[in-house]
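The data block below is structure-v8.cif; it holds mmCIF, C-alpha atoms.
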```
data_work
#
loop_
_atom_site.label_atom_id
_atom_site.label_comp_id
_atom_site.auth_asym_id
_atom_site.auth_seq_id
_atom_site.Cartn_x
_atom_site.Cartn_y
_atom_site.Cartn_z
CA MET A 27 -29.30 -39.96 45.40
CA ALA A 28 -29.45 -39.36 41.68
CA ASN A 29 -31.32 -36.10 42.23
CA ILE A 30 -28.69 -34.88 44.69
CA LEU A 31 -25.96 -35.70 42.19
CA GLU A 32 -27.79 -33.92 39.37
CA GLN A 33 -28.26 -30.91 41.61
CA GLU A 34 -24.57 -30.90 42.51
CA VAL A 35 -23.58 -31.17 38.87
CA SER A 36 -26.01 -28.44 38.00
CA GLU A 37 -24.62 -26.13 40.70
CA GLN A 38 -21.08 -26.87 39.59
CA VAL A 39 -22.00 -26.07 35.97
CA ALA A 40 -23.54 -22.83 37.08
CA THR A 41 -20.45 -21.76 38.98
CA ASP A 42 -17.49 -23.27 37.14
CA PRO A 43 -16.95 -21.71 33.70
CA MET A 44 -14.64 -24.58 32.73
CA VAL A 45 -17.42 -27.18 33.05
CA PRO A 46 -19.49 -27.58 29.89
CA GLN A 47 -23.25 -27.88 29.87
CA LEU A 48 -24.77 -30.79 28.05
CA PHE A 49 -26.54 -30.13 24.76
CA ARG A 50 -28.14 -32.63 22.43
CA THR A 51 -27.64 -32.54 18.66
CA GLU A 52 -30.98 -31.70 17.09
CA ARG A 53 -29.84 -31.74 13.46
CA LEU A 54 -26.81 -31.20 11.29
CA LYS A 55 -27.11 -29.46 7.95
CA HIS A 56 -24.36 -29.57 5.35
CA GLU A 57 -24.01 -26.09 3.88
CA THR A 58 -21.21 -26.92 1.41
CA ASP A 59 -18.80 -29.81 0.82
CA ASP A 60 -16.79 -28.99 3.94
CA THR A 61 -19.01 -26.78 6.10
CA PHE A 62 -22.03 -27.63 8.20
CA THR A 63 -24.41 -26.06 10.69
CA MET A 64 -25.21 -27.83 13.96
CA SER A 65 -28.39 -27.17 15.84
CA LEU A 66 -28.00 -27.98 19.54
CA VAL A 67 -30.64 -28.02 22.26
CA PRO A 68 -29.91 -27.96 26.01
CA THR A 69 -30.58 -31.14 27.98
CA ASN A 70 -31.52 -28.99 30.95
CA GLU A 71 -35.09 -27.86 30.34
CA ASN A 72 -34.59 -24.71 32.43
CA CYS A 73 -31.70 -23.51 30.28
CA ARG A 74 -32.57 -20.49 28.17
CA ILE A 75 -30.12 -19.61 25.46
CA SER A 76 -28.92 -16.05 25.34
CA PHE A 77 -26.07 -14.55 23.36
CA LEU A 78 -25.08 -11.43 21.49
CA PRO A 79 -24.18 -11.45 17.78
CA GLY A 80 -20.45 -12.05 17.38
CA GLN A 81 -19.95 -14.16 20.52
CA PHE A 82 -18.66 -17.73 20.46
CA ASN A 83 -19.01 -20.96 22.44
CA MET A 84 -16.48 -23.64 23.31
CA LEU A 85 -17.89 -26.89 21.93
CA TYR A 86 -16.67 -30.17 23.35
CA ILE A 87 -16.84 -33.50 21.58
CA PHE A 88 -16.38 -36.07 24.32
CA GLY A 89 -13.16 -38.01 24.00
CA VAL A 90 -11.96 -35.89 21.08
CA GLY A 91 -11.53 -32.30 22.20
CA GLU A 92 -12.87 -28.79 22.53
CA VAL A 93 -12.87 -25.96 19.97
CA PRO A 94 -14.16 -22.37 19.86
CA ILE A 95 -16.94 -21.84 17.33
CA SER A 96 -18.90 -18.68 16.61
CA ILE A 97 -22.62 -18.74 17.13
CA SER A 98 -24.34 -18.45 13.77
CA GLY A 99 -28.02 -18.67 14.69
CA ASP A 100 -30.79 -16.20 15.34
CA PRO A 101 -30.27 -14.41 18.70
CA ALA A 102 -34.04 -14.19 19.14
CA ILE A 103 -34.32 -17.98 19.38
CA THR A 104 -33.81 -19.11 22.96
CA SER A 105 -34.49 -22.83 22.57
CA ALA A 106 -31.59 -23.93 20.34
CA LEU A 107 -28.07 -22.90 19.43
CA GLU A 108 -26.67 -22.88 15.92
CA HIS A 109 -23.00 -23.07 15.02
CA THR A 110 -21.54 -23.25 11.54
CA THR A 111 -18.04 -24.55 11.03
CA ARG A 112 -15.72 -26.13 8.53
CA SER A 113 -14.38 -29.67 8.87
CA VAL A 114 -10.74 -28.87 9.14
CA GLY A 115 -9.26 -30.47 12.28
CA MET A 116 -9.85 -33.60 14.32
CA VAL A 117 -12.64 -32.11 16.45
CA THR A 118 -14.57 -30.41 13.65
CA LYS A 119 -14.25 -33.49 11.45
CA ARG A 120 -15.88 -35.54 14.21
CA MET A 121 -18.49 -32.81 14.66
CA GLY A 122 -19.42 -33.17 11.03
CA LEU A 123 -20.43 -36.76 11.79
CA LEU A 124 -22.75 -35.92 14.71
CA LYS A 125 -26.06 -37.74 14.64
CA PRO A 126 -29.33 -36.39 16.08
CA GLY A 127 -29.39 -37.12 19.80
CA GLU A 128 -25.63 -37.19 20.31
CA LEU A 129 -24.36 -35.12 23.22
CA VAL A 130 -22.03 -32.14 22.92
CA GLY A 131 -20.52 -30.07 25.74
CA VAL A 132 -21.06 -26.33 25.51
CA ARG A 133 -19.31 -23.54 27.43
CA GLY A 134 -20.16 -19.94 26.80
CA PRO A 135 -21.14 -17.63 25.31
CA TYR A 136 -17.85 -15.76 25.43
CA GLY A 137 -16.26 -12.69 23.98
CA THR A 138 -17.25 -9.29 22.73
CA HIS A 139 -20.08 -8.66 20.30
CA TRP A 140 -20.79 -6.65 17.15
CA PRO A 141 -21.97 -3.14 18.07
CA VAL A 142 -25.37 -3.40 16.46
CA SER A 143 -27.99 -1.97 18.85
CA GLU A 144 -25.48 0.74 19.83
CA ASN A 145 -25.54 2.04 16.26
CA GLU A 146 -29.21 2.26 15.41
CA GLY A 147 -29.90 4.90 12.78
CA ARG A 148 -26.68 4.27 10.87
CA ASP A 149 -25.78 2.55 7.59
CA PHE A 150 -24.11 -0.84 7.96
CA VAL A 151 -21.67 -2.42 5.56
CA ILE A 152 -20.82 -6.03 6.31
CA VAL A 153 -17.76 -7.45 4.58
CA SER A 154 -17.27 -11.17 4.95
CA GLY A 155 -15.35 -13.95 3.30
CA GLY A 156 -15.67 -17.74 3.35
CA ILE A 157 -16.73 -19.14 6.72
CA GLY A 158 -16.49 -15.54 8.05
CA LEU A 159 -20.14 -15.07 7.19
CA ALA A 160 -21.15 -17.37 10.06
CA PRO A 161 -20.46 -14.97 12.99
CA LEU A 162 -22.22 -12.20 11.05
CA ARG A 163 -25.41 -14.14 10.38
CA PRO A 164 -26.82 -13.31 13.86
CA VAL A 165 -26.32 -9.61 13.03
CA LEU A 166 -28.37 -9.99 9.86
CA TYR A 167 -31.13 -11.87 11.70
CA HIS A 168 -31.21 -9.15 14.33
CA MET A 169 -31.24 -6.24 11.90
CA MET A 170 -33.78 -7.81 9.56
CA ALA A 171 -36.11 -8.35 12.53
CA GLN A 172 -35.79 -4.66 13.44
CA ARG A 173 -35.25 -3.25 9.98
CA GLU A 174 -36.80 0.13 10.76
CA LYS A 175 -34.02 0.91 13.24
CA TYR A 176 -31.25 0.89 10.64
CA ARG A 177 -30.59 2.76 7.46
CA LYS A 178 -28.86 1.07 4.52
CA ILE A 179 -27.59 -2.45 5.14
CA VAL A 180 -25.09 -3.79 2.64
CA LEU A 181 -23.71 -7.32 2.76
CA LEU A 182 -20.59 -7.97 0.68
CA TYR A 183 -19.64 -11.64 0.68
CA GLY A 184 -16.78 -13.44 -1.01
CA ALA A 185 -16.43 -17.19 -1.45
CA ARG A 186 -14.05 -19.48 -3.27
CA THR A 187 -16.52 -20.83 -5.84
CA PRO A 188 -20.33 -20.72 -6.24
CA GLU A 189 -20.43 -24.16 -4.58
CA ASP A 190 -18.73 -22.72 -1.47
CA ILE A 191 -21.33 -20.03 -0.80
CA LEU A 192 -22.83 -20.38 2.69
CA TYR A 193 -26.53 -19.98 3.48
CA LYS A 194 -27.48 -19.80 -0.22
CA ARG A 195 -31.24 -19.79 0.37
CA GLU A 196 -31.05 -17.10 3.02
CA LEU A 197 -28.82 -14.94 0.85
CA GLU A 198 -31.32 -15.26 -1.99
CA ARG A 199 -34.18 -14.42 0.34
CA TRP A 200 -32.36 -11.42 1.77
CA ARG A 201 -31.33 -10.27 -1.70
CA GLY A 202 -34.96 -10.49 -2.77
CA LYS A 203 -35.86 -7.92 -0.12
CA PHE A 204 -35.45 -4.39 -1.38
CA ASP A 205 -34.23 -3.17 1.99
CA LEU A 206 -31.04 -5.20 2.01
CA GLU A 207 -28.29 -4.99 -0.59
CA VAL A 208 -26.48 -8.32 -1.00
CA GLN A 209 -23.47 -8.59 -3.27
CA VAL A 210 -21.76 -11.95 -3.60
CA THR A 211 -18.53 -12.60 -5.44
CA VAL A 212 -16.48 -15.74 -6.05
CA ASP A 213 -12.80 -16.26 -6.82
CA ARG A 214 -13.46 -18.80 -9.54
CA ALA A 215 -16.55 -19.86 -11.43
CA ALA A 216 -17.58 -22.09 -14.27
CA SER A 217 -19.33 -20.57 -17.26
CA GLY A 218 -22.84 -20.92 -15.80
CA TRP A 219 -22.22 -18.37 -13.02
CA ARG A 220 -23.74 -14.99 -13.81
CA GLY A 221 -22.64 -13.04 -10.76
CA ASN A 222 -19.48 -11.24 -9.67
CA VAL A 223 -16.05 -12.83 -10.02
CA GLY A 224 -13.10 -11.47 -8.06
CA VAL A 225 -12.23 -10.82 -4.44
CA VAL A 226 -14.72 -9.16 -2.13
CA THR A 227 -12.72 -6.04 -1.23
CA PRO A 228 -13.18 -4.10 -4.53
CA LEU A 229 -16.94 -4.30 -3.94
CA VAL A 230 -16.45 -1.82 -1.07
CA ALA A 231 -15.63 0.95 -3.56
CA ARG A 232 -18.95 0.63 -5.37
CA ALA A 233 -21.24 -0.37 -2.50
CA PRO A 234 -24.12 2.03 -1.79
CA PHE A 235 -23.58 3.47 1.72
CA ASN A 236 -22.88 6.86 3.25
CA PRO A 237 -19.33 6.66 4.68
CA ALA A 238 -19.98 9.53 7.08
CA ASN A 239 -22.71 7.55 8.82
CA THR A 240 -21.57 3.97 8.34
CA VAL A 241 -20.50 1.19 10.67
CA ALA A 242 -18.43 -1.55 9.02
CA LEU A 243 -18.33 -5.13 10.31
CA LEU A 244 -15.61 -7.39 8.92
CA CYS A 245 -15.04 -11.10 9.30
CA GLY A 246 -12.96 -13.41 7.16
CA PRO A 247 -9.33 -14.23 6.45
CA GLU A 248 -7.09 -11.61 8.04
CA VAL A 249 -5.51 -10.66 4.72
CA MET A 250 -8.98 -9.99 3.31
CA MET A 251 -9.78 -7.76 6.28
CA ARG A 252 -6.53 -5.80 5.79
CA PHE A 253 -7.52 -4.88 2.25
CA ALA A 254 -11.13 -4.26 3.25
CA VAL A 255 -9.99 -1.79 5.94
CA MET A 256 -7.92 0.09 3.35
CA ASP A 257 -10.85 0.25 0.94
CA LEU A 258 -13.24 1.38 3.70
CA GLN A 259 -10.85 4.09 4.81
CA LYS A 260 -10.43 5.20 1.18
CA ARG A 261 -14.23 5.62 1.10
CA GLY A 262 -14.02 7.71 4.27
CA VAL A 263 -15.26 5.30 6.96
CA PRO A 264 -13.39 6.30 10.16
CA ALA A 265 -11.26 3.71 12.00
CA GLU A 266 -13.44 3.96 15.12
CA ARG A 267 -16.45 2.72 13.15
CA ILE A 268 -14.72 -0.31 11.63
CA TYR A 269 -15.02 -3.56 13.64
CA LEU A 270 -13.22 -6.83 12.96
CA SER A 271 -13.57 -10.33 14.30
CA MET A 272 -10.08 -11.69 14.96
CA GLU A 273 -9.10 -15.32 15.18
CA ARG A 274 -6.34 -16.81 17.31
CA ASN A 275 -5.80 -20.18 18.96
CA MET A 276 -8.34 -20.03 21.81
CA LYS A 277 -8.24 -22.76 24.47
CA CYS A 278 -9.75 -21.69 27.80
CA ALA A 279 -11.91 -18.81 26.48
CA LEU A 280 -11.51 -17.06 29.83
CA GLY A 281 -8.21 -15.24 29.47
CA TYR A 282 -6.36 -17.70 31.74
CA CYS A 283 -4.21 -19.76 29.42
CA GLY A 284 -2.79 -17.07 27.15
CA HIS A 285 -2.96 -19.14 23.96
CA CYS A 286 -4.89 -16.45 22.13
CA GLN A 287 -2.73 -13.51 23.14
CA TYR A 288 -2.87 -10.80 20.51
CA GLY A 289 -0.47 -8.01 21.44
CA PRO A 290 -1.67 -6.65 24.79
CA THR A 291 -5.05 -8.39 24.49
CA PHE A 292 -6.57 -11.85 24.61
CA VAL A 293 -8.85 -12.58 21.70
CA CYS A 294 -11.13 -14.75 23.86
CA LYS A 295 -12.03 -12.06 26.36
CA ASP A 296 -11.06 -8.71 24.77
CA GLY A 297 -12.29 -9.94 21.38
CA PRO A 298 -13.08 -11.63 19.11
CA VAL A 299 -14.74 -8.40 17.93
CA PHE A 300 -12.33 -5.46 18.10
CA ARG A 301 -12.77 -1.84 17.11
CA PHE A 302 -10.15 -1.27 14.45
CA ASP A 303 -8.52 1.81 15.99
CA THR A 304 -7.81 -0.17 19.18
CA ILE A 305 -5.71 -2.75 17.32
CA ALA A 306 -4.51 -0.67 14.35
CA SER A 307 -0.92 -0.58 15.63
CA ILE A 308 -0.65 -4.39 15.75
CA PHE A 309 -3.06 -5.38 12.99
CA GLY A 310 -1.33 -7.13 10.10
CA LYS A 311 2.00 -7.41 11.91
CA GLY A 312 3.51 -10.80 11.07
CA GLU A 313 5.13 -11.30 14.47
CA ILE A 314 1.91 -10.78 16.45
CA MET B 9 -28.51 18.95 -11.24
CA ILE B 10 -28.82 18.13 -14.94
CA HIS B 11 -26.95 14.93 -15.77
CA THR B 12 -24.95 16.19 -18.72
CA LEU B 13 -22.09 14.05 -19.95
CA GLU B 14 -19.66 16.50 -18.38
CA ASN B 15 -21.40 16.35 -15.00
CA VAL B 16 -21.46 12.56 -15.02
CA ILE B 17 -17.73 12.48 -15.78
CA ARG B 18 -16.90 15.20 -13.26
CA GLU B 19 -18.74 13.37 -10.45
CA HIS B 20 -16.96 10.09 -10.98
CA PRO B 21 -14.10 9.50 -8.49
CA PHE B 22 -11.82 8.48 -11.36
CA PHE B 23 -11.95 12.00 -12.81
CA ARG B 24 -12.17 13.87 -9.48
CA ASP B 25 -10.16 17.13 -9.24
CA LEU B 26 -9.32 17.25 -12.92
CA PRO B 27 -8.85 20.84 -14.14
CA ASP B 28 -11.78 22.07 -16.22
CA HIS B 29 -9.84 22.36 -19.46
CA LEU B 30 -8.72 18.71 -19.23
CA LEU B 31 -12.22 17.60 -18.31
CA GLU B 32 -13.45 19.36 -21.43
CA ILE B 33 -10.98 17.46 -23.63
CA ILE B 34 -11.95 14.15 -22.04
CA THR B 35 -15.67 14.87 -22.35
CA GLY B 36 -15.12 15.62 -26.03
CA CYS B 37 -13.85 12.04 -26.46
CA ALA B 38 -16.76 10.40 -24.59
CA LYS B 39 -20.23 9.19 -25.49
CA ASN B 40 -23.08 7.35 -23.81
CA VAL B 41 -23.63 3.76 -24.89
CA GLU B 42 -26.01 0.97 -23.96
CA PHE B 43 -25.47 -2.74 -24.52
CA PRO B 44 -27.79 -5.72 -24.26
CA GLU B 45 -26.84 -8.79 -22.23
CA GLY B 46 -24.27 -10.95 -23.98
CA GLN B 47 -22.71 -8.16 -26.03
CA VAL B 48 -18.97 -8.61 -26.66
CA LEU B 49 -17.20 -5.33 -25.82
CA LEU B 50 -13.56 -6.36 -26.15
CA GLN B 51 -12.02 -9.18 -28.11
CA GLU B 52 -8.56 -10.50 -27.31
CA GLY B 53 -6.04 -9.42 -29.94
CA ASP B 54 -8.22 -6.68 -31.45
CA PRO B 55 -6.98 -3.06 -31.48
CA ALA B 56 -7.52 -1.41 -28.07
CA ASN B 57 -8.82 1.99 -28.95
CA GLU B 58 -11.27 2.79 -26.16
CA PHE B 59 -12.07 2.38 -22.50
CA TYR B 60 -15.37 2.22 -20.63
CA PHE B 61 -16.79 3.69 -17.48
CA ILE B 62 -19.59 1.31 -16.46
CA ARG B 63 -22.59 3.27 -15.21
CA LYS B 64 -24.97 0.35 -14.70
CA GLY B 65 -24.72 -3.39 -15.28
CA LEU B 66 -22.04 -6.05 -15.11
CA VAL B 67 -19.28 -7.04 -17.53
CA SER B 68 -17.18 -10.19 -17.36
CA VAL B 69 -13.54 -10.13 -18.33
CA GLU B 70 -12.75 -13.50 -19.84
CA LEU B 71 -9.94 -15.59 -21.22
CA LEU B 72 -10.57 -18.32 -23.72
CA ILE B 73 -8.89 -21.47 -22.40
CA PRO B 74 -8.62 -24.43 -24.77
CA ASN B 75 -10.87 -27.31 -23.67
CA ARG B 76 -12.47 -25.11 -20.99
CA GLY B 77 -14.02 -22.39 -23.06
CA PRO B 78 -14.41 -18.79 -21.91
CA THR B 79 -13.32 -18.43 -18.28
CA THR B 80 -14.24 -15.36 -16.26
CA VAL B 81 -11.27 -13.95 -14.39
CA GLN B 82 -13.04 -10.88 -13.05
CA THR B 83 -16.23 -8.90 -13.33
CA ILE B 84 -16.47 -5.13 -13.67
CA GLY B 85 -19.52 -3.41 -12.26
CA GLU B 86 -21.16 -0.08 -11.65
CA GLY B 87 -18.72 2.81 -11.24
CA GLU B 88 -15.70 0.85 -12.45
CA ILE B 89 -13.36 1.35 -15.39
CA LEU B 90 -12.98 -1.33 -18.05
CA GLY B 91 -9.96 -1.48 -20.36
CA TRP B 92 -6.46 -0.07 -20.10
CA SER B 93 -4.69 -1.70 -23.06
CA TRP B 94 -5.32 1.49 -25.05
CA VAL B 95 -2.66 3.14 -22.82
CA SER B 96 0.31 0.93 -23.68
CA PRO B 97 1.71 -0.52 -26.91
CA PRO B 98 0.92 -2.60 -28.85
CA TYR B 99 -2.60 -1.28 -28.08
CA ARG B 100 -4.28 -4.70 -28.35
CA TRP B 101 -6.79 -6.23 -25.92
CA HIS B 102 -5.36 -8.97 -23.73
CA PHE B 103 -8.76 -10.30 -22.67
CA ASN B 104 -12.31 -10.62 -23.91
CA ALA B 105 -15.11 -8.70 -22.22
CA ARG B 106 -18.83 -9.46 -22.41
CA THR B 107 -21.86 -7.96 -20.74
CA LEU B 108 -23.55 -10.30 -18.25
CA GLU B 109 -26.63 -8.10 -18.11
CA SER B 110 -27.99 -5.06 -19.88
CA THR B 111 -25.28 -2.43 -19.37
CA ARG B 112 -25.04 1.34 -19.64
CA ALA B 113 -21.61 2.93 -19.97
CA LEU B 114 -19.61 5.87 -21.17
CA VAL B 115 -17.12 4.92 -23.86
CA PHE B 116 -14.01 7.02 -24.30
CA ASP B 117 -12.12 7.21 -27.57
CA GLY B 118 -8.69 6.04 -26.46
CA LYS B 119 -7.06 6.59 -29.83
CA CYS B 120 -8.11 10.24 -29.79
CA LEU B 121 -7.01 10.60 -26.13
CA ARG B 122 -3.62 9.01 -26.88
CA THR B 123 -2.96 11.67 -29.51
CA LYS B 124 -4.09 14.43 -27.15
CA CYS B 125 -1.92 13.03 -24.33
CA GLU B 126 1.13 13.20 -26.60
CA GLN B 127 0.33 16.85 -27.27
CA ASP B 128 -0.55 17.77 -23.67
CA TYR B 129 1.64 16.10 -21.06
CA GLN B 130 -0.48 17.38 -18.19
CA LEU B 131 -3.44 15.49 -19.63
CA GLY B 132 -1.20 12.44 -20.16
CA TYR B 133 0.09 12.57 -16.57
CA GLU B 134 -3.35 13.06 -15.03
CA LEU B 135 -4.82 10.16 -17.00
CA LEU B 136 -1.88 7.83 -16.40
CA LYS B 137 -1.94 8.65 -12.67
CA ARG B 138 -5.57 7.61 -12.55
CA PHE B 139 -5.07 4.48 -14.61
CA ALA B 140 -2.12 3.53 -12.38
CA THR B 141 -4.53 3.55 -9.41
CA VAL B 142 -6.98 1.31 -11.26
CA ILE B 143 -4.19 -1.05 -12.33
CA THR B 144 -2.75 -1.19 -8.78
CA GLY B 145 -6.19 -2.03 -7.38
CA ARG B 146 -6.63 -4.80 -9.95
CA LEU B 147 -3.15 -6.15 -9.20
CA ASP B 148 -3.92 -6.25 -5.45
CA ALA B 149 -7.21 -7.99 -6.15
CA THR B 150 -5.56 -10.50 -8.47
CA ARG B 151 -2.90 -11.30 -5.87
CA LEU B 152 -5.59 -11.93 -3.26
CA GLN B 153 -7.51 -14.07 -5.73
CA LEU B 154 -4.38 -16.16 -6.39
CA MET B 155 -3.81 -16.72 -2.67
CA ASP B 156 -6.97 -18.82 -2.37
CA ILE B 157 -7.68 -17.06 0.92
CA TYR B 158 -10.91 -18.91 1.67
CA GLY B 159 -9.23 -22.31 1.40
CA GLN B 160 -8.72 -24.79 4.25
CA HIS B 161 -5.52 -23.19 5.45
CA SER B 162 -6.63 -19.60 5.36
#
```

What does this structure look like when you write it as structure tokens?
Amino acid sequence: MANILEQEVSEQVATDPMVPQLFRTERLKHETDDTFTMSLVPTNENCRISFLPGQFNMLYIFGVGEVPISISGDPAITSALEHTTRSVGMVTKRMGLLKPGELVGVRGPYGTHWPVSENEGRDFVIVSGGIGLAPLRPVLYHMMAQREKYRKIVLLYGARTPEDILYKRELERWRGKFDLEVQVTVDRAASGWRGNVGVVTPLVARAPFNPANTVALLCGPEVMMRFAVMDLQKRGVPAERIYLSMERNMKCALGYCGHCQYGPTFVCKDGPVFRFDTIASIFGKGEI
Amino acid sequence: MIHTLENVIREHPFFRDLPDHLLEIITGCAKNVEFPEGQVLLQEGDPANEFYFIRKGLVSVELLIPNRGPTTVQTIGEGEILGWSWVSPPYRWHFNARTLESTRALVFDGKCLRTKCEQDYQLGYELLKRFATVITGRLDATRLQLMDIYGQHS
């Protein structure tokens, strides 16, 4: 009887995109005071994880609620999922308290992805701010694993303070490699900080890349992306090679509910990654 | 191409499209300098008689806050311009600036350029136009910095 039920549930999961699959919390790592990375493994042994950099999952904490969270792990790893988020609402605050073994519901992956493999042979400039680095981390894993396929890779990352920098060890490791330029800046720092101070966007002007052959990937607060787009265009990066990850209030992730409508699009299914020229006419408009 | 002072200045976006005769005047007021880490370049309240084009390295712009000590409000790196108080009276620095690492720069004699700008309004206009762009960029950046955009409610 139990086997029949499990099979039914399994079939339902496979066919109904609104039904989450069960994952078990493997570990939870605190990145900063208010951000953490969850590692989740499927309870179904036959489940192989597959996603493209930039996509997100709907994560469900039973009895609390469901939220969309970008996948922040290595796309080459098929046994576990990683998500990094900030404790900001009821669901993410409860997520921050997950213990190893606790169950989480996962739906996805959803949404569009960063155009990485499509742009082999080009320079990449990645501009990110705050928690916006999380959806770009899979891009960096992917490109570092296939470094020979890309030309210059520049990561420009802005955080509030040195204590708020995500993935510190990885950034140091990547910076240590001569084939990846990492520039980090913070809004405020105590006297011990010896790096950049100021917002991330001015770094675009002095970053080493060839604008004529560059793809730009942006993720962070929308106002930061607005200024970053201006600075990229000033350098000569064309609008059709600038990509942004947009954020709106996603609920169903399937384009049914309309909560994440963004002009004529839905962020959950037409995004979250948009090519800038396709949203240029609505980008930065207060009423949209 | 030989990296003469004039070529270095000509290639920098700040001086792009300047007529040759103006470039010549500006080059005449410039020299190459090199500073070790920790060198104070500008001191709040001192006469502002020069500006810098940072070629390599990093400089912190600081304010001394009582009970907190020197506080970095911004850093200026490769390819950027440091110092604009030489442009406007009373020609005194409003901030301190200190190298965070060994730094190479071009220093421009602002006092000499001020005199030349008064004599040649085209030079004055071209320089002010360029400094206005730098100042606008810094103002935008400062506004973003003040907004605390990476905070919880961003």

Care to translate the PyMOL selection byres ((chain B) within 12 of (chain A)) into actual residues of this file, as number ranges by chain? B: 20-22, 45-46, 62-73, 76-89, 106-109, 142, 144-162

Only C-alpha atoms, please: the residues just picked out, written as a PDB file, keeping the file's coordinate frame.
```pdb
ATOM      1  CA  HIS B  20     -16.960  10.090 -10.980  1.00  0.00           C
ATOM      2  CA  PRO B  21     -14.100   9.500  -8.490  1.00  0.00           C
ATOM      3  CA  PHE B  22     -11.820   8.480 -11.360  1.00  0.00           C
ATOM      4  CA  GLU B  45     -26.840  -8.790 -22.230  1.00  0.00           C
ATOM      5  CA  GLY B  46     -24.270 -10.950 -23.980  1.00  0.00           C
ATOM      6  CA  ILE B  62     -19.590   1.310 -16.460  1.00  0.00           C
ATOM      7  CA  ARG B  63     -22.590   3.270 -15.210  1.00  0.00           C
ATOM      8  CA  LYS B  64     -24.970   0.350 -14.700  1.00  0.00           C
ATOM      9  CA  GLY B  65     -24.720  -3.390 -15.280  1.00  0.00           C
ATOM     10  CA  LEU B  66     -22.040  -6.050 -15.110  1.00  0.00           C
ATOM     11  CA  VAL B  67     -19.280  -7.040 -17.530  1.00  0.00           C
ATOM     12  CA  SER B  68     -17.180 -10.190 -17.360  1.00  0.00           C
ATOM     13  CA  VAL B  69     -13.540 -10.130 -18.330  1.00  0.00           C
ATOM     14  CA  GLU B  70     -12.750 -13.500 -19.840  1.00  0.00           C
ATOM     15  CA  LEU B  71      -9.940 -15.590 -21.220  1.00  0.00           C
ATOM     16  CA  LEU B  72     -10.570 -18.320 -23.720  1.00  0.00           C
ATOM     17  CA  ILE B  73      -8.890 -21.470 -22.400  1.00  0.00           C
ATOM     18  CA  ARG B  76     -12.470 -25.110 -20.990  1.00  0.00           C
ATOM     19  CA  GLY B  77     -14.020 -22.390 -23.060  1.00  0.00           C
ATOM     20  CA  PRO B  78     -14.410 -18.790 -21.910  1.00  0.00           C
ATOM     21  CA  THR B  79     -13.320 -18.430 -18.280  1.00  0.00           C
ATOM     22  CA  THR B  80     -14.240 -15.360 -16.260  1.00  0.00           C
ATOM     23  CA  VAL B  81     -11.270 -13.950 -14.390  1.00  0.00           C
ATOM     24  CA  GLN B  82     -13.040 -10.880 -13.050  1.00  0.00           C
ATOM     25  CA  THR B  83     -16.230  -8.900 -13.330  1.00  0.00           C
ATOM     26  CA  ILE B  84     -16.470  -5.130 -13.670  1.00  0.00           C
ATOM     27  CA  GLY B  85     -19.520  -3.410 -12.260  1.00  0.00           C
ATOM     28  CA  GLU B  86     -21.160  -0.080 -11.650  1.00  0.00           C
ATOM     29  CA  GLY B  87     -18.720   2.810 -11.240  1.00  0.00           C
ATOM     30  CA  GLU B  88     -15.700   0.850 -12.450  1.00  0.00           C
ATOM     31  CA  ILE B  89     -13.360   1.350 -15.390  1.00  0.00           C
ATOM     32  CA  ARG B 106     -18.830  -9.460 -22.410  1.00  0.00           C
ATOM     33  CA  THR B 107     -21.860  -7.960 -20.740  1.00  0.00           C
ATOM     34  CA  LEU B 108     -23.550 -10.300 -18.250  1.00  0.00           C
ATOM     35  CA  GLU B 109     -26.630  -8.100 -18.110  1.00  0.00           C
ATOM     36  CA  VAL B 142      -6.980   1.310 -11.260  1.00  0.00           C
ATOM     37  CA  THR B 144      -2.750  -1.190  -8.780  1.00  0.00           C
ATOM     38  CA  GLY B 145      -6.190  -2.030  -7.380  1.00  0.00           C
ATOM     39  CA  ARG B 146      -6.630  -4.800  -9.950  1.00  0.00           C
ATOM     40  CA  LEU B 147      -3.150  -6.150  -9.200  1.00  0.00           C
ATOM     41  CA  ASP B 148      -3.920  -6.250  -5.450  1.00  0.00           C
ATOM     42  CA  ALA B 149      -7.210  -7.990  -6.150  1.00  0.00           C
ATOM     43  CA  THR B 150      -5.560 -10.500  -8.470  1.00  0.00           C
ATOM     44  CA  ARG B 151      -2.900 -11.300  -5.870  1.00  0.00           C
ATOM     45  CA  LEU B 152      -5.590 -11.930  -3.260  1.00  0.00           C
ATOM     46  CA  GLN B 153      -7.510 -14.070  -5.730  1.00  0.00           C
ATOM     47  CA  LEU B 154      -4.380 -16.160  -6.390  1.00  0.00           C
ATOM     48  CA  MET B 155      -3.810 -16.720  -2.670  1.00  0.00           C
ATOM     49  CA  ASP B 156      -6.970 -18.820  -2.370  1.00  0.00           C
ATOM     50  CA  ILE B 157      -7.680 -17.060   0.920  1.00  0.00           C
ATOM     51  CA  TYR B 158     -10.910 -18.910   1.670  1.00  0.00           C
ATOM     52  CA  GLY B 159      -9.230 -22.310   1.400  1.00  0.00           C
ATOM     53  CA  GLN B 160      -8.720 -24.790   4.250  1.00  0.00           C
ATOM     54  CA  HIS B 161      -5.520 -23.190   5.450  1.00  0.00           C
ATOM     55  CA  SER B 162      -6.630 -19.600   5.360  1.00  0.00           C
TER      56      SER B 162
END
```

Identify all residues satisfying the PyMOL selection byres ((chain B and resi 57) around 6) in the given file; provide them as a list in words.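 Answer for the PyMOL selection byres ((chain B and resi 57) around 6): Pro55, Ala56, Glu58, Trp94, Gly118 and Lys119 of chain B.
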
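For the pair atom CA of A:Arg177 and atom CA of A:Ala160, the separation is 22.4 Å.
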